[in-house]
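This report refers to the structure that appears directly beneath it.
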Amino acid sequence: MKAVHFGAGNIGRGFIGELLHDSGFEITFVEVGQEIVDRINATHTYDLYIINRNYEKKTIDKVKAYSPITQEKEIIAAIVEADIITTSVWADNLPKIANTMARGLKARLAAGKSRVNIMACENAFFATNILKKALLNCTEGMTEDEMTKIGGFANVSVDRIALHSIKDGVSVPEIDEAFELVIEKNKLVDPSAEPIKGADYADNLDMYLERKLYMVNSGHAASAYLGQLYGCATVQEALANPMILEEAVGTMKEAAKVLVKKFGFKEADLQYFIDKNIKRFTFPALKDEVLRVGRAPIRKLAEQDRLVGPAKQAEAYGYEYKHLAKAIAAAFLFVNLEDDQAIEVQDFVKQNGIEKAITHYTNIQADTELFKVILSNYNDLLRVKK
């Protein structure tokens with residue numbers, strides 16, 4: 001079987017690539033980094049390392065890579081013949097791959113090929129829907145009818161720690177053994193099929209997406225944003241601080257209460273979920289930089305995303321949200337000079353003030369109690385930063 005995967009970064013090679021390989025697919029990576037393309041094609045293999053197995057090496061074979069800059073014809077041909085198409089390029093970058101994918105899918109349609117499963121494996125709500133919108137709006141402009149005829153567009157929920165290190169001058173993926181990949185089965189070409197081994201297949205993806213984003217990602221983000229304020233370079237260093245650990249766990253517990261109310265999760269199950277993920281975050285061998293975890297704060301401060309989403313729902317249910325509000329406030333103080341979104345947020349605050357910034361990026365209105373708590377926390381944390 002043949003897979004085309006857009007993005008050969010840590011998640012691409014370390015998570016989705018590994019699962020596709022173990023499911024019996026030959027993989028064609030689409031990757032803008034020429035060095036990675038050349039390295040994969042030199043041996044048609046790559047190595048990854050499993051952190052909590054004492055960095056055990058695993059070799060992934062039957063792979064090749066193409067550059068969308070210089071080899072689009074080859075990518076289109078690969079899409080025509082693919083049995084599955086996946087992505088891990090960051091949700092913000094899905095519009096950048098849309099034209100190439102659209103050309104490939106149109107060529108597949110013209111060749112009379114069968115429908116193919118297409119999944120955007122991004123850390124965002126309903127990322128495959130975002131991809132579909134990008135395909136509709138790109139210059140190649142696929143229609144809804146064309147997409148229905150050629151693809152099964154299934155959303156997924158992804159969860160795995162995937163980092164990298166330099167070995168012999170080469171960047172290699174390092175992954176946690178534990179992972180979760182939940183696939184929206186009713187959107188697959190064949191809802192009874194399970195194309196990726198090790199994945200879970202669910203009728204209601206919302207509950208899994210929110211559990212992942214509102215608990216795992218909220219705690220992770222809180223650790224990064226507060227950690228930077230207190231001079232920590234990594235999430236592991238941040239969580240060694242009892243105060244930051246309490247805040248991170250607090251965000252997860254506040255989100256858990258919302259999920260129990262909304263979806264009927266059992267409190268004990270979500271407490272186990274919290275404990276399991278804190279154990280993952282604090283694994284001694286990990287060095288997860290706060291700059292990486294906190295990047296793209298505009299997306300992470302969005303109304304439905306990991307911090308604001310559960311905070312607004314907690315407010316609506318009359319539940320506590322003090323830890324989430326503090327994490328939101330800390331996000332407005334995040335500094336990363338190599339992150340365009342972080343730079344934009346800081347510039348907006350300087351030019352317009354924090355009050356306008358809160359509403360601009362989160363859609364939390366100034367007359368709400370949540371707004372007031374965020375603002376109060378921001379002013380308190382600003383003194384920490386100074």
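Chain identifiers are assigned as A, B, and so on, following the order in which chains appear in the structure tokens; residues are numbered from 1 within each chain, and ligands are numbered from 1 in order of appearance.
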
Val345 of chain A: which residues within 8 Å, counting only C-alpha atoms, same-chain residues fewer than 4 positions away excluded, as a PDB file with C-alpha atoms, in the first residue's frame?
ATOM      1  CA  PRO A 297       0.103  31.977  20.811  1.00  0.00           C
ATOM      2  CA  ILE A 298      -2.530  33.550  18.536  1.00  0.00           C
ATOM      3  CA  PHE A 332      -0.093  37.399  26.600  1.00  0.00           C
ATOM      4  CA  GLN A 341       2.603  35.207  16.253  1.00  0.00           C
ATOM      5  CA  VAL A 349      -0.437  44.901  23.400  1.00  0.00           C
ATOM      6  CA  ALA A 357      -5.737  42.558  23.204  1.00  0.00           C
TER       7      ALA A 357
END

Item to check | Shell around Asn129 of chain A at 10 Å using only C-alpha atoms, local window under 4 positions removed, as an NGL selection string | outcome: :A and (119-120 or 125 or 133-135 or 153-155)

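All residues within segment 143-207 of chain A that the backbone DSSP calculation assigns to alpha helix (DSSP H) are A:Glu144, A:Asp145, A:Glu146, A:Met147, A:Thr148, A:Lys149, A:Ile150, A:Leu205, A:Asp206, A:Met207.
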
Include C-alpha atoms and write out the residues we just selected as a PDB file, in the first residue's frame.
ATOM      1  CA  GLU A 144     -17.252  20.314  -2.740  1.00  0.00           C
ATOM      2  CA  ASP A 145     -18.470  17.875  -5.383  1.00  0.00           C
ATOM      3  CA  GLU A 146     -14.910  17.084  -6.503  1.00  0.00           C
ATOM      4  CA  MET A 147     -13.812  16.492  -2.924  1.00  0.00           C
ATOM      5  CA  THR A 148     -16.763  14.192  -2.242  1.00  0.00           C
ATOM      6  CA  LYS A 149     -16.017  12.170  -5.371  1.00  0.00           C
ATOM      7  CA  ILE A 150     -12.318  11.693  -4.659  1.00  0.00           C
ATOM      8  CA  LEU A 205     -14.686  12.750  17.826  1.00  0.00           C
ATOM      9  CA  ASP A 206     -15.660  15.937  19.662  1.00  0.00           C
ATOM     10  CA  MET A 207     -15.223  14.390  23.106  1.00  0.00           C
TER      11      MET A 207
END

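Using only C-alpha atoms, the smallest distance between any of A:Tyr55, A:Tyr321, A:Tyr230, A:Phe25 and Asp83 of chain A comes from A:Phe25.
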
Next on the checklist: Taking 3 positions as the minimum chain separation for residues in the same chain, which residues sit within 8 Å of Cys121 of chain A when counting only C-alpha atoms? Answer as JSON, numbers by chain.
Outcome noted: {"A": [16, 86, 87, 88, 127, 128, 155, 156, 157, 158]}

Item to check | Every residue of segment 70-273 of chain A that DSSP places in strand (DSSP E or B), as a PyMOL selection string | outcome: chain A and resi 84-87+116-120+151-153+156-159+162-167+170-175+180-184+200-202+234

Next on the checklist: Considering only C-alpha atoms, can you say which of A:Gly169, A:Gly12, A:Pro310, A:Gly7 comes closest to Asn93 of chain A?
Outcome noted: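 Checking each candidate against Asn93 of chain A, we get A:Gly7 as the closest.
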
Checklist outcome for this item: Across A:Phe283, A:Phe273, A:Phe6, A:Tyr225, the smallest distance to Leu301 of chain A, with only C-alpha atoms counted, is shown by A:Tyr225

Next on the checklist: Let me make sure I understand: among A:Ile11, A:Ala124, A:Val172, A:Ala3, which one has the smallest atom-to-atom distance to Ile36 of chain A if we use only C-alpha atoms?
Outcome noted: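 Ranking A:Ile11, A:Ala124, A:Val172, A:Ala3 by distance to Ile36 of chain A, first place goes to A:Val172.
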
Next on the checklist: So, with only C-alpha atoms as the atoms that count, which of A:Val258, A:Leu307, A:Val249, A:Ile118 lies closest to Lys279 of chain A?
Outcome noted: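 The closest residue to Lys279 of chain A is A:Val249.
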
Closest atom pairs, segment 77-172 of chain A residues within 10 Å of segment 38-52 of chain A, only C-alpha atoms, as JSON lines:
{"residue": "A:Ile161", "atom": "CA", "partner": "A:Ile51", "partner_atom": "CA", "distance": 9.6}
{"residue": "A:Ala162", "atom": "CA", "partner": "A:Ile51", "partner_atom": "CA", "distance": 9.4}
{"residue": "A:Leu163", "atom": "CA", "partner": "A:Ile51", "partner_atom": "CA", "distance": 9.4}
{"residue": "A:His164", "atom": "CA", "partner": "A:Leu48", "partner_atom": "CA", "distance": 8.8}
{"residue": "A:Ser165", "atom": "CA", "partner": "A:Tyr49", "partner_atom": "CA", "distance": 9.4}
{"residue": "A:Val170", "atom": "CA", "partner": "A:Arg39", "partner_atom": "CA", "distance": 9.0}
{"residue": "A:Ser171", "atom": "CA", "partner": "A:Leu48", "partner_atom": "CA", "distance": 9.8}
{"residue": "A:Val172", "atom": "CA", "partner": "A:Leu48", "partner_atom": "CA", "distance": 6.0}

Checklist entry - Hey, what's within 9 Å of segment 185-195 of chain A if we count only C-alpha atoms and toss same-chain stuff fewer than 3 positions away? As JSON, numbers by chain, please? => result {"A": [20, 23, 84, 115, 116, 117, 118, 151, 152, 153, 154, 155, 182, 199, 200, 201, 202, 203, 204, 205]}

Next on the checklist: Using only C-alpha atoms, which protein or nucleic acid residues come within 10 Å of Ile358 of chain A? Drop anything in the same chain fewer than 4 positions from it, and give the result as an MDAnalysis selection string.
Outcome noted: chainID A and resid 301 328:329 332 345 349 353:354 362:366 371 374:375

Item to check | Test item: residues at most 12 Å from Ala256 of chain A, only C-alpha atoms, excluding those fewer than 5 positions along its chain, as number ranges by chain | outcome: A: 207, 210-216, 218-219, 249-251, 261-274, 310-311, 313-314, 319-321, 324

Next on the checklist: I'd like to know which of A:Phe348, A:Phe334, A:Tyr317, A:Trp90 is closest to Ser223 of chain A, using only C-alpha atoms.
Outcome noted: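 Of the candidates, the smallest distance to Ser223 of chain A is held by A:Phe334.
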
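Between atom CA of Gly104 of chain A and atom CA of Ile79 of chain A the interatomic distance comes to 5.3 Å.
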
Checklist entry - Neighbours of Pro284 of chain A within 12 Å (only C-alpha atoms; same-chain residues fewer than 4 positions away dropped), as a PyMOL selection string? => result chain A and resi 51-52+54+234-237+239-240+278-280+288

Next on the checklist: Report, in Å with one decimal, the straight-line distance from atom CA of Lys167 of chain A to atom CA of Val32 of chain A.
Outcome noted: 21.3 Å
